[in-house]
Every structure is written in C-alpha cells, then in structure tokens.
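Engineer: Below you'll find run_17.pdb; it's PDB, C-alpha atoms.
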ATOM      1  CA  MET A   1     148.623 216.479   3.044
ATOM      2  CA  LYS A   2     149.618 212.893   3.899
ATOM      3  CA  LYS A   3     147.048 210.308   4.917
ATOM      4  CA  THR A   4     148.704 210.055   8.360
ATOM      5  CA  ASP A   5     148.206 213.809   8.796
ATOM      6  CA  HIS A   6     144.502 213.448   7.977
ATOM      7  CA  ARG A   7     144.187 210.709  10.596
ATOM      8  CA  LYS A   8     146.066 212.793  13.164
ATOM      9  CA  TYR A   9     143.806 215.815  12.720
ATOM     10  CA  ALA A  10     140.671 213.657  12.583
ATOM     11  CA  LEU A  11     141.624 212.067  15.919
ATOM     12  CA  ALA A  12     142.319 215.489  17.452
ATOM     13  CA  PHE A  13     138.946 216.783  16.242
ATOM     14  CA  LYS A  14     137.161 213.685  17.608
ATOM     15  CA  THR A  15     138.839 214.172  20.987
ATOM     16  CA  LEU A  16     137.779 217.817  21.109
ATOM     17  CA  LEU A  17     134.191 216.927  20.230
ATOM     18  CA  LYS A  18     134.111 214.387  23.041
ATOM     19  CA  GLY A  19     135.328 217.107  25.383
ATOM     20  CA  LEU A  20     132.629 219.469  24.159
ATOM     21  CA  ILE A  21     129.856 216.974  24.762
ATOM     22  CA  PHE A  22     130.949 214.720  27.611
ATOM     23  CA  TRP A  23     133.437 216.600  29.761
ATOM     24  CA  PRO A  24     132.006 219.853  31.147
ATOM     25  CA  ASP A  25     135.142 220.912  33.013
ATOM     26  CA  TRP A  26     137.478 221.102  30.039
ATOM     27  CA  HIS A  27     138.941 224.536  29.471
ATOM     28  CA  PRO A  28     141.467 225.484  26.760
ATOM     29  CA  GLU A  29     143.901 226.958  29.298
ATOM     30  CA  VAL A  30     144.022 223.663  31.197
ATOM     31  CA  ALA A  31     144.207 221.597  28.024
ATOM     32  CA  LEU A  32     147.231 223.584  26.846
ATOM     33  CA  ARG A  33     149.067 222.568  30.016
ATOM     34  CA  TYR A  34     148.374 218.868  29.730
ATOM     35  CA  LEU A  35     148.311 217.965  26.030
ATOM     36  CA  PRO A  36     152.095 218.351  25.490
ATOM     37  CA  VAL A  37     152.636 216.096  28.517
ATOM     38  CA  VAL A  38     150.227 213.530  27.086
ATOM     39  CA  ALA A  39     152.211 213.539  23.832
ATOM     40  CA  GLU A  40     155.450 212.770  25.712
ATOM     41  CA  ILE A  41     153.873 209.947  27.726
ATOM     42  CA  LYS A  42     152.527 208.272  24.590
ATOM     43  CA  LYS A  43     156.040 208.091  23.140
ATOM     44  CA  ILE A  44     157.393 205.695  25.739
ATOM     45  CA  LYS A  45     155.109 202.616  25.378
ATOM     46  CA  PRO A  46     151.508 201.702  24.460
ATOM     47  CA  LYS A  47     150.124 201.405  28.012
ATOM     48  CA  PRO A  48     152.490 203.124  30.453
ATOM     49  CA  SER A  49     151.809 203.327  34.175
ATOM     50  CA  VAL A  50     151.481 207.002  35.153
ATOM     51  CA  LEU A  51     151.786 208.876  38.440
ATOM     52  CA  ASP A  52     150.444 212.438  38.565
ATOM     53  CA  VAL A  53     151.980 214.356  41.478
ATOM     54  CA  GLY A  54     149.690 217.173  42.614
ATOM     55  CA  SER A  55     146.803 215.957  40.461
ATOM     56  CA  GLY A  56     143.849 217.312  42.406
ATOM     57  CA  GLY A  57     140.608 215.568  41.461
ATOM     58  CA  LEU A  58     141.237 215.597  37.703
ATOM     59  CA  GLY A  59     144.852 216.110  36.684
ATOM     60  CA  ILE A  60     145.950 214.553  33.427
ATOM     61  CA  ALA A  61     143.287 211.786  33.453
ATOM     62  CA  PRO A  62     140.714 213.595  31.224
ATOM     63  CA  TYR A  63     143.380 214.113  28.561
ATOM     64  CA  LEU A  64     145.273 210.823  28.807
ATOM     65  CA  LYS A  65     142.045 208.775  28.985
ATOM     66  CA  LYS A  66     143.569 205.879  30.907
ATOM     67  CA  LYS A  67     144.005 204.906  34.531
ATOM     68  CA  VAL A  68     146.264 207.329  36.376
ATOM     69  CA  THR A  69     147.504 207.258  39.958
ATOM     70  CA  GLY A  70     147.111 210.702  41.476
ATOM     71  CA  VAL A  71     148.855 211.978  44.595
ATOM     72  CA  ASP A  72     147.837 215.115  46.467
ATOM     73  CA  ILE A  73     147.453 216.415  50.025
ATOM     74  CA  LYS A  74     143.774 217.159  49.311
ATOM     75  CA  PHE A  75     141.303 216.119  46.610
ATOM     76  CA  ASN A  76     138.460 218.479  45.763
ATOM     77  CA  PRO A  77     135.641 217.594  43.325
ATOM     78  CA  PRO A  78     135.014 217.095  40.508
ATOM     79  CA  TYR A  79     136.747 213.708  40.404
ATOM     80  CA  HIS A  80     137.693 211.851  37.253
ATOM     81  CA  PRO A  81     136.628 208.158  37.298
ATOM     82  CA  MET A  82     139.997 206.987  35.947
ATOM     83  CA  LEU A  83     142.033 208.752  38.637
ATOM     84  CA  GLU A  84     143.098 206.580  41.576
ATOM     85  CA  LYS A  85     143.444 209.074  44.441
ATOM     86  CA  ILE A  86     146.186 208.645  47.068
ATOM     87  CA  LEU A  87     146.630 211.137  49.889
ATOM     88  CA  ALA A  88     150.342 211.882  50.207
ATOM     89  CA  SER A  89     152.898 214.666  49.954
ATOM     90  CA  ALA A  90     155.092 215.335  46.936
ATOM     91  CA  LEU A  91     157.971 215.453  49.429
ATOM     92  CA  ASN A  92     157.513 211.809  50.431
ATOM     93  CA  LEU A  93     155.874 209.720  47.721
ATOM     94  CA  PRO A  94     154.695 206.357  49.136
ATOM     95  CA  PHE A  95     156.132 204.260  46.302
ATOM     96  CA  THR A  96     159.283 202.267  45.634
ATOM     97  CA  ASP A  97     162.004 203.429  43.225
ATOM     98  CA  ARG A  98     161.310 203.363  39.461
ATOM     99  CA  VAL A  99     157.821 201.926  39.917
ATOM    100  CA  PHE A 100     155.945 204.090  37.338
ATOM    101  CA  ASP A 101     156.829 204.294  33.647
ATOM    102  CA  ALA A 102     156.087 208.024  33.739
ATOM    103  CA  VAL A 103     155.834 210.452  36.649
ATOM    104  CA  ILE A 104     154.449 213.891  35.921
ATOM    105  CA  SER A 105     153.829 217.086  37.848
ATOM    106  CA  VAL A 106     151.915 219.978  36.283
ATOM    107  CA  ASP A 107     151.699 223.372  38.011
ATOM    108  CA  THR A 108     152.573 221.993  41.450
ATOM    109  CA  ILE A 109     156.225 222.805  42.223
ATOM    110  CA  GLU A 110     155.495 226.552  42.379
ATOM    111  CA  HIS A 111     153.143 225.938  45.321
ATOM    112  CA  LEU A 112     156.045 224.678  47.448
ATOM    113  CA  ASN A 113     158.489 226.969  49.171
ATOM    114  CA  LYS A 114     161.989 227.130  47.748
ATOM    115  CA  SER A 115     163.472 224.846  50.406
ATOM    116  CA  GLN A 116     161.042 222.042  49.436
ATOM    117  CA  ARG A 117     161.215 222.147  45.656
ATOM    118  CA  GLY A 118     164.415 220.166  45.245
ATOM    119  CA  LYS A 119     163.054 217.360  47.432
ATOM    120  CA  ALA A 120     159.850 217.159  45.379
ATOM    121  CA  VAL A 121     161.820 216.969  42.120
ATOM    122  CA  SER A 122     164.014 214.249  43.631
ATOM    123  CA  GLU A 123     160.932 212.208  44.559
ATOM    124  CA  ILE A 124     159.586 212.551  41.024
ATOM    125  CA  ILE A 125     162.879 211.336  39.547
ATOM    126  CA  ARG A 126     163.169 208.535  42.123
ATOM    127  CA  THR A 127     159.794 206.982  41.327
ATOM    128  CA  ALA A 128     160.036 207.289  37.516
ATOM    129  CA  ARG A 129     161.334 204.434  35.414
ATOM    130  CA  ALA A 130     161.577 205.991  31.934
ATOM    131  CA  LEU A 131     160.129 209.490  31.966
ATOM    132  CA  ALA A 132     159.614 212.426  34.312
ATOM    133  CA  VAL A 133     157.791 215.537  33.117
ATOM    134  CA  ILE A 134     157.647 218.653  35.274
ATOM    135  CA  ALA A 135     155.585 221.574  33.999
ATOM    136  CA  VAL A 136     155.950 224.742  36.041
ATOM    137  CA  PRO A 137     155.509 228.500  35.508
ATOM    138  CA  CYS A 138     158.916 230.153  35.498
ATOM    139  CA  GLY A 139     160.433 233.610  35.653
ATOM    140  CA  ARG A 140     159.714 237.216  36.574
ATOM    141  CA  GLN A 141     157.379 237.946  33.661
ATOM    142  CA  SER A 142     155.154 235.016  34.643
ATOM    143  CA  LEU A 143     155.104 236.138  38.277
ATOM    144  CA  LYS A 144     154.226 239.674  37.168
ATOM    145  CA  GLN A 145     151.251 238.284  35.251
ATOM    146  CA  ASP A 146     150.131 236.237  38.259
ATOM    147  CA  LYS A 147     150.112 239.404  40.371
ATOM    148  CA  LYS A 148     148.121 241.234  37.685
ATOM    149  CA  LEU A 149     145.561 238.439  37.384
ATOM    150  CA  HIS A 150     145.264 238.177  41.144
ATOM    151  CA  ARG A 151     144.381 241.879  41.339
ATOM    152  CA  TYR A 152     141.832 241.313  38.560
ATOM    153  CA  TYR A 153     140.342 238.356  40.458
ATOM    154  CA  ARG A 154     140.103 240.301  43.744
ATOM    155  CA  LYS A 155     138.436 243.244  42.027
ATOM    156  CA  LYS A 156     135.941 240.956  40.301
ATOM    157  CA  PHE A 157     135.060 238.622  43.183
ATOM    158  CA  GLY A 158     136.085 240.563  46.290
ATOM    159  CA  LYS A 159     138.340 237.802  47.631
ATOM    160  CA  ASN A 160     141.747 236.238  47.129
ATOM    161  CA  TYR A 161     142.423 233.163  45.002
ATOM    162  CA  VAL A 162     144.495 230.664  46.952
ATOM    163  CA  PHE A 163     146.612 229.439  44.033
ATOM    164  CA  PHE A 164     147.638 232.960  43.043
ATOM    165  CA  GLU A 165     148.366 233.716  46.704
ATOM    166  CA  GLU A 166     150.752 230.774  47.015
ATOM    167  CA  GLN A 167     152.515 231.491  43.747
ATOM    168  CA  ILE A 168     153.071 235.108  44.717
ATOM    169  CA  LYS A 169     154.121 234.214  48.270
ATOM    170  CA  TYR A 170     156.655 231.550  47.267
ATOM    171  CA  LYS A 171     157.644 233.209  43.958
ATOM    172  CA  LEU A 172     158.005 231.251  40.743
ATOM    173  CA  PRO A 173     161.224 229.332  40.097
ATOM    174  CA  GLU A 174     163.642 230.369  37.371
ATOM    175  CA  GLU A 175     164.445 227.953  34.547
ATOM    176  CA  GLU A 176     168.045 227.645  35.779
ATOM    177  CA  GLU A 177     166.781 226.784  39.254
ATOM    178  CA  MET A 178     164.665 223.935  37.904
ATOM    179  CA  VAL A 179     167.567 222.571  35.847
ATOM    180  CA  GLU A 180     169.708 222.537  38.981
ATOM    181  CA  TYR A 181     167.016 220.652  40.916
ATOM    182  CA  ILE A 182     166.849 218.044  38.147
ATOM    183  CA  ASN A 183     170.643 217.667  38.024
ATOM    184  CA  GLN A 184     170.815 217.232  41.794
ATOM    185  CA  ALA A 185     167.891 214.782  41.801
ATOM    186  CA  ALA A 186     169.544 212.647  39.114
ATOM    187  CA  LYS A 187     172.788 212.635  41.087
ATOM    188  CA  ILE A 188     171.080 211.664  44.362
ATOM    189  CA  ASN A 189     169.134 208.870  42.665
ATOM    190  CA  LYS A 190     172.076 207.760  40.510
ATOM    191  CA  ARG A 191     170.240 208.243  37.240
ATOM    192  CA  ASN A 192     171.505 209.189  33.798
ATOM    193  CA  PHE A 193     169.139 211.359  31.819
ATOM    194  CA  PHE A 194     168.488 213.512  28.767
ATOM    195  CA  LEU A 195     166.720 216.833  29.358
ATOM    196  CA  LYS A 196     164.517 218.740  26.917
ATOM    197  CA  ILE A 197     162.844 222.032  27.827
ATOM    198  CA  MET A 198     159.718 223.309  26.056
ATOM    199  CA  ASP A 199     158.003 226.683  26.212
ATOM    200  CA  ASN A 200     154.332 226.352  27.101
ATOM    201  CA  GLU A 201     151.521 228.898  26.789
ATOM    202  CA  ASN A 202     152.340 232.349  25.508
ATOM    203  CA  LEU A 203     151.770 235.000  28.183
ATOM    204  CA  ALA A 204     149.321 237.078  26.151
ATOM    205  CA  LEU A 205     147.282 233.983  25.248
ATOM    206  CA  ARG A 206     147.221 232.866  28.873
ATOM    207  CA  GLU A 207     146.008 236.232  30.135
ATOM    208  CA  PHE A 208     143.179 236.169  27.589
ATOM    209  CA  LEU A 209     142.156 232.625  28.558
ATOM    210  CA  MET A 210     142.436 233.218  32.302
ATOM    211  CA  LYS A 211     140.192 236.286  32.155
ATOM    212  CA  GLY A 212     137.683 234.221  30.212
ATOM    213  CA  TRP A 213     137.884 231.511  32.883
ATOM    214  CA  MET A 214     137.084 234.115  35.552
ATOM    215  CA  SER A 215     133.926 235.275  33.800
ATOM    216  CA  GLU A 216     130.517 234.550  35.359
ATOM    217  CA  ASN A 217     128.706 235.415  32.142
ATOM    218  CA  PHE A 218     126.933 232.338  30.744
ATOM    219  CA  ALA A 219     127.614 233.178  27.090
ATOM    220  CA  VAL A 220     131.290 233.879  27.773
ATOM    221  CA  ASN A 221     131.580 230.580  29.659
ATOM    222  CA  ILE A 222     130.092 228.671  26.737
ATOM    223  CA  LEU A 223     132.482 230.453  24.362
ATOM    224  CA  PHE A 224     135.588 229.707  26.430
ATOM    225  CA  ARG A 225     134.738 226.297  27.877
ATOM    226  CA  LYS A 226     133.140 224.810  24.755
ATOM    227  CA  VAL A 227     133.630 226.695  21.492
ATOM    228  CA  PHE A 228     137.282 227.614  22.066
ATOM    229  CA  LEU A 229     138.152 223.944  22.584
ATOM    230  CA  LEU A 230     137.971 223.665  18.804
ATOM    231  CA  ALA A 231     140.786 226.212  18.560
ATOM    232  CA  ILE A 232     143.219 224.204  20.700
ATOM    233  CA  PRO A 233     145.299 223.004  17.699
ATOM    234  CA  LEU A 234     145.783 226.656  16.687
ATOM    235  CA  MET A 235     146.454 227.788  20.259
ATOM    236  CA  SER A 236     149.035 225.031  20.635
ATOM    237  CA  LYS A 237     151.088 226.733  17.941
ATOM    238  CA  LEU A 238     151.113 229.985  19.936
ATOM    239  CA  ASN A 239     153.472 228.714  22.601
ATOM    240  CA  GLY A 240     156.422 230.925  21.729
ATOM    241  CA  LYS A 241     158.239 233.340  23.987
ATOM    242  CA  PRO A 242     157.443 234.940  26.265
ATOM    243  CA  ALA A 243     155.900 231.775  27.680
ATOM    244  CA  TYR A 244     154.243 231.473  31.061
ATOM    245  CA  ARG A 245     155.305 227.896  31.685
ATOM    246  CA  LYS A 246     158.303 225.652  31.009
ATOM    247  CA  ILE A 247     157.948 221.913  30.535
ATOM    248  CA  PHE A 248     161.001 219.941  31.661
ATOM    249  CA  ILE A 249     161.046 216.560  29.913
ATOM    250  CA  VAL A 250     163.468 214.193  31.639
ATOM    251  CA  LYS A 251     164.158 210.978  29.754
ATOM    252  CA  LEU A 252     165.736 208.546  32.216
ATOM    253  CA  LYS A 253     168.069 205.609  31.715
TER     254      LYS A 253
END
Could you show the structure in this file as structure tokens?
Structural biologist:
Amino acid sequence: MKKTDHRKYALAFKTLLKGLIFWPDWHPEVALRYLPVVAEIKKIKPKPSVLDVGSGGLGIAPYLKKKVTGVDIKFNPPYHPMLEKILASALNLPFTDRVFDAVISVDTIEHLNKSQRGKAVSEIIRTARALAVIAVPCGRQSLKQDKKLHRYYRKKFGKNYVFFEEQIKYKLPEEEEMVEYINQAAKINKRNFFLKIMDNENLALREFLMKGWMSENFAVNILFRKVFLLAIPLMSKLNGKPAYRKIFIVKLK
C-alpha cells in the first residue's frame, strides 16, 4: 500500500473517531448520503463557498467541517454551529447568479411536487459558479422501499412519518426526469456543463440501516449510531445497483 493510501485511511479513521466521540447525531445512513458530495466539493478548490439547499439544521456541515450557508423553509434542532441558516424556498433562492463555488441539494427535490422540481434545479444551477450536486432518490424500486419502510414505521410508532408521506405523495423522480431538469436549467441559465451520475446507497443496505435508525432500543442505537460508523468505508463500497439514490454531479463552465 502506498504512503498516500495510509494517510487517506488514517484521516478517514480519525474523522470517524471524532464523529463517535463529539457528534452524537451522526448515523451511517446519513453519512453515506453526504460523504460522496463532500468528496466532489473538495475537488474544486481548497476553501470553496458552499450553499446547501434544503439543509435543515445540520445538512452537510458536520461532514464538510467548514462554514456552510443553509437554506430551508424551516430549521429544526439540532443545529450545527458552522451552518448559517437562511429562511427561503428552493424555488426562489435569495442570491445573485454564480455566487457560490458549490451549490448542493441532498434528499430535497423529492419533497417538491413535479411541477416545482425543474424550478428548484434551475435555481441550484443559477447560483452555482463551478459545481452543482443534486442527490435524490430515484425510481420505482426506491419508492416501493419507501412505502415498505413507512408501513414499518407506522406499525412501530403508531403514526406517520412526514418525509415518507411527502415522498410517497409526490412520487420519486426518474433518473431521466432529473437529467431533463438539469438540461433545461443549463439552457435557461446559459451554462455549459459536464454531467456525471453516481449510484448511492444500495437498497438492501439502506433498508437495514433505516430499520436500525427506527429502533428505540438503547443497545441497537449505540450499535448503529456509534459502532457502525467505523464500517462506513466498507459500506461506501456497497453502493452498486439497485441503488436508492442517484447523485447528479454537474460541473459548470
């Protein structure tokens, strides 16, 4: 193994240990969403400005470990200290064109109805200077799993889970639909771009992690929220098809 590989794995292990000790709200399922996005952001420049559309109170900040501007229609705790919170809609971002080096959106587009999704993608492209990354669950198999997990959640807790409700109500976009939104957004904003699409989070792995997340058992919570963080490098390799989520990496010119 090369010395650079040793340093890479040592840094990854150090990051995971910090998460185990200092960040109680880490969960492997959430980390698997954000870490590939972090890797793309770090490619563009040493200290890029980042906008997280639909961030909630945490978003990418715990994983990027730098100041992030977060936009959402509501912010619920816990809050990350490096997230600057701005109340606004993804359909009308209160920023000028090309103002952020990177604009990201993770698991947000699926919570908009179909008539709004293209506008949100256009706003992401409009405000990004070099990079836009949109991570979103796609396809019928992913929607089928959401319905299954929602039934599991209702049976376990006796109530609905709002995020599952919205995803089922609005239905998940197809990959081709997202590509069309990106093409149209680039055309509207007069941007040239290169698009790369990544699979993210194998369906079987996600179901396992989500059921662990729903557990109220203390030992199971420790196992999933702490111990399993050490397995993230291995889990990251299990992102093959069928994947729950697609990550659309838009490199802008």
Engineer: Grab the CA of Leu195 in chain A to CA of Pro94 in chain A distance for me, in Å with one decimal place.
Structural biologist: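 We find that CA of Leu195 in chain A and CA of Pro94 in chain A lie 25.4 Å from each other.
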Engineer: Using only C-alpha atoms, I'd like a table of the residues in range 52-122 of chain A that come within 9 Å of range 136-149 of chain A; for each, show the closest atom pair and its distance in Å rounded to one decimal, ordered by chain and ascending number, as a Markdown table.
Structural biologist:
| residue | atom | partner | partner_atom | distance |
| --- | --- | --- | --- | --- |
| A:Ser105 | CA | A:Val136 | CA | 8.1 |
| A:Val106 | CA | A:Val136 | CA | 6.2 |
| A:Asp107 | CA | A:Val136 | CA | 4.9 |
| A:Thr108 | CA | A:Val136 | CA | 6.9 |
| A:Ile109 | CA | A:Val136 | CA | 6.5 |
| A:Glu110 | CA | A:Val136 | CA | 6.6 |
Engineer: Write out as a ChimeraX atom specification each polymer residue whose atoms come within 7 Å of Ile125 in chain A, counting all atoms listed in the file; drop sequence neighbours fewer than 5 positions from it.
Structural biologist: /A:132,185-186
Engineer: Within 12 Å of Met214 in chain A, counting all atoms listed in the file, which residues show up once you throw out same-chain ones fewer than 3 positions away? Write them as a VMD selection string, please.
Structural biologist: chain A and resid 27 29 149 to 150 152 to 157 161 207 to 211 217 to 218 220 to 221 224 to 225
Engineer: Mind dumping the selected residues with C-alpha atoms as an mmCIF file, in the frame of the given file?
Structural biologist:
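Writing done, so here's again_21.cif:
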data_model
loop_
_atom_site.group_PDB
_atom_site.id
_atom_site.type_symbol
_atom_site.label_atom_id
_atom_site.label_comp_id
_atom_site.auth_asym_id
_atom_site.auth_seq_id
_atom_site.Cartn_x
_atom_site.Cartn_y
_atom_site.Cartn_z
ATOM 1 C CA HIS A 27 138.941 224.536 29.471
ATOM 2 C CA GLU A 29 143.901 226.958 29.298
ATOM 3 C CA LEU A 149 145.561 238.439 37.384
ATOM 4 C CA HIS A 150 145.264 238.177 41.144
ATOM 5 C CA TYR A 152 141.832 241.313 38.560
ATOM 6 C CA TYR A 153 140.342 238.356 40.458
ATOM 7 C CA ARG A 154 140.103 240.301 43.744
ATOM 8 C CA LYS A 155 138.436 243.244 42.027
ATOM 9 C CA LYS A 156 135.941 240.956 40.301
ATOM 10 C CA PHE A 157 135.060 238.622 43.183
ATOM 11 C CA TYR A 161 142.423 233.163 45.002
ATOM 12 C CA GLU A 207 146.008 236.232 30.135
ATOM 13 C CA PHE A 208 143.179 236.169 27.589
ATOM 14 C CA LEU A 209 142.156 232.625 28.558
ATOM 15 C CA MET A 210 142.436 233.218 32.302
ATOM 16 C CA LYS A 211 140.192 236.286 32.155
ATOM 17 C CA ASN A 217 128.706 235.415 32.142
ATOM 18 C CA PHE A 218 126.933 232.338 30.744
ATOM 19 C CA VAL A 220 131.290 233.879 27.773
ATOM 20 C CA ASN A 221 131.580 230.580 29.659
ATOM 21 C CA PHE A 224 135.588 229.707 26.430
ATOM 22 C CA ARG A 225 134.738 226.297 27.877
#
Engineer: Please build the interface table for range 128-213 of chain A against range 32-47 of chain A with a cut-off of 10 Å, listing for each qualifying residue the nearest atom pair and the distance in Å to one decimal; count all atoms listed in the file, order rows by chain and increasing number, and write it as CSV.
Structural biologist:
residue,atom,partner,partner_atom,distance
A:Ala130,CA,A:Ile44,CA,7.5
A:Leu131,CA,A:Ile41,CA,7.6
A:Ala132,CA,A:Ile41,CA,9.1
A:Val133,CA,A:Val37,CA,6.9
A:Ile134,CA,A:Val37,CA,8.8
A:Ala135,CA,A:Arg33,CA,7.7
A:Val136,CA,A:Arg33,CA,9.4
A:Met198,CA,A:Pro36,CA,9.1
A:Asn200,CA,A:Arg33,CA,7.1
A:Glu201,CA,A:Leu32,CA,6.8
A:Arg206,CA,A:Leu32,CA,9.5
Engineer: Take the selection from the previous step and output its residues with C-alpha atoms, as a PDB file, in the coordinates of the input.
Structural biologist:
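Result file selection-v3.pdb:
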ATOM      1  CA  ALA A 130     161.577 205.991  31.934  1.00  0.00           C
ATOM      2  CA  LEU A 131     160.129 209.490  31.966  1.00  0.00           C
ATOM      3  CA  ALA A 132     159.614 212.426  34.312  1.00  0.00           C
ATOM      4  CA  VAL A 133     157.791 215.537  33.117  1.00  0.00           C
ATOM      5  CA  ILE A 134     157.647 218.653  35.274  1.00  0.00           C
ATOM      6  CA  ALA A 135     155.585 221.574  33.999  1.00  0.00           C
ATOM      7  CA  VAL A 136     155.950 224.742  36.041  1.00  0.00           C
ATOM      8  CA  MET A 198     159.718 223.309  26.056  1.00  0.00           C
ATOM      9  CA  ASN A 200     154.332 226.352  27.101  1.00  0.00           C
ATOM     10  CA  GLU A 201     151.521 228.898  26.789  1.00  0.00           C
ATOM     11  CA  ARG A 206     147.221 232.866  28.873  1.00  0.00           C
TER      12      ARG A 206
END
Engineer: Once the PyMOL selection byres ((chain A and resi 69) around 9) has been applied to the shown file, what residues remain in the selection, as number ranges by chain?
Structural biologist: A: 49-53, 55, 61, 67-68, 70-71, 82-86
Engineer: I'd like to know which of A:Ile222, A:Val227, A:Ile197, A:Leu252 is closest to Val179 in chain A, using all atoms listed in the file.
Structural biologist: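 When distances to Val179 in chain A are compared using all atoms listed in the file, the smallest one comes from A:Ile197.
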Engineer: Set the distance at 12 Å and use only C-alpha atoms: which residues neighbour Lys169 in chain A once local chain neighbours fewer than 2 positions away are removed? I'd like the list as a PyMOL selection string.
Structural biologist: chain A and resi 110-114+143+146-147+162-167+171-173
Engineer: Using C-alpha atoms, can you export the residues from the last selection as a compact mmCIF listing (two decimals), keeping the file's coordinate frame?
Structural biologist:
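result_24.txt, written as the output of this step:
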# COMPACT_ATOMS: atom_id res chain seq x y z
CA GLU A 110 155.50 226.55 42.38
CA HIS A 111 153.14 225.94 45.32
CA LEU A 112 156.04 224.68 47.45
CA ASN A 113 158.49 226.97 49.17
CA LYS A 114 161.99 227.13 47.75
CA LEU A 143 155.10 236.14 38.28
CA ASP A 146 150.13 236.24 38.26
CA LYS A 147 150.11 239.40 40.37
CA VAL A 162 144.50 230.66 46.95
CA PHE A 163 146.61 229.44 44.03
CA PHE A 164 147.64 232.96 43.04
CA GLU A 165 148.37 233.72 46.70
CA GLU A 166 150.75 230.77 47.02
CA GLN A 167 152.51 231.49 43.75
CA LYS A 171 157.64 233.21 43.96
CA LEU A 172 158.00 231.25 40.74
CA PRO A 173 161.22 229.33 40.10
Engineer: Got a sec to resolve the PyMOL selection byres ((chain A and resi 98) around 7) on this structure and send the residues as number ranges by chain?
Structural biologist: A: 96-97, 99-100, 126-129
Engineer: Could you list the residues chosen by the PyMOL selection byres ((chain A and resi 122) around 10) in this structure as a list of chain:residue names?
Structural biologist: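 Expected selection for the PyMOL selection byres ((chain A and resi 122) around 10) here is A:Ala90, A:Leu91, A:Asn92, A:Arg117, A:Gly118, A:Lys119, A:Ala120, A:Val121, A:Glu123, A:Ile124, A:Ile125, A:Arg126, A:Thr127, A:Tyr181, A:Ile182, A:Asn183, A:Gln184, A:Ala185, A:Ala186, A:Lys187, A:Ile188, A:Asn189.
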Engineer: Kindly give the distance, in Å, that separates CA of Arg245 in chain A and CA of Gly158 in chain A, rounded to a single decimal.
Structural biologist: 27.3 Å
Engineer: May I ask for the distance between CA of Ala102 in chain A and CA of Lys251 in chain A, given in Å to one decimal place?
Structural biologist: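 Computing it gives 9.5 Å between the two atoms.
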Engineer: Hey, which of A:Val250, A:Leu223, A:Val30, A:Leu238 ends up closest to Asn192 in chain A? Count all atoms listed in the file.
Structural biologist: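 Closest residue, counting all atoms listed in the file: A:Val250.
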Engineer: Can you work out which one of A:Asn160, A:Tyr63, A:Gly56, A:Lys237 has the shortest atom-to-atom distance to Leu87 in chain A, counting only C-alpha atoms?
Structural biologist: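 Answer, going by the shortest atom-to-atom distance: A:Gly56.
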Engineer: Write out as AutoDock Vina command-line options an axis-aligned box for range 198-204 of chain A: all of its atoms listed in the file, 3 Å added on each side, centre and edge lengths in Å with one decimal.
Structural biologist:
--center_x 154.5 --center_y 230.2 --center_z 26.8 --size_x 16.4 --size_y 19.8 --size_z 8.7
Engineer: Identify which of the residues A:Gly59, A:Pro78, A:Lys66, A:Lys159 lies closest to Ile104 in chain A, counting all atoms listed in the file when measuring atom-to-atom distances.
Structural biologist: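 Between A:Gly59, A:Pro78, A:Lys66, A:Lys159, the residue approaching Ile104 in chain A most closely is A:Gly59.
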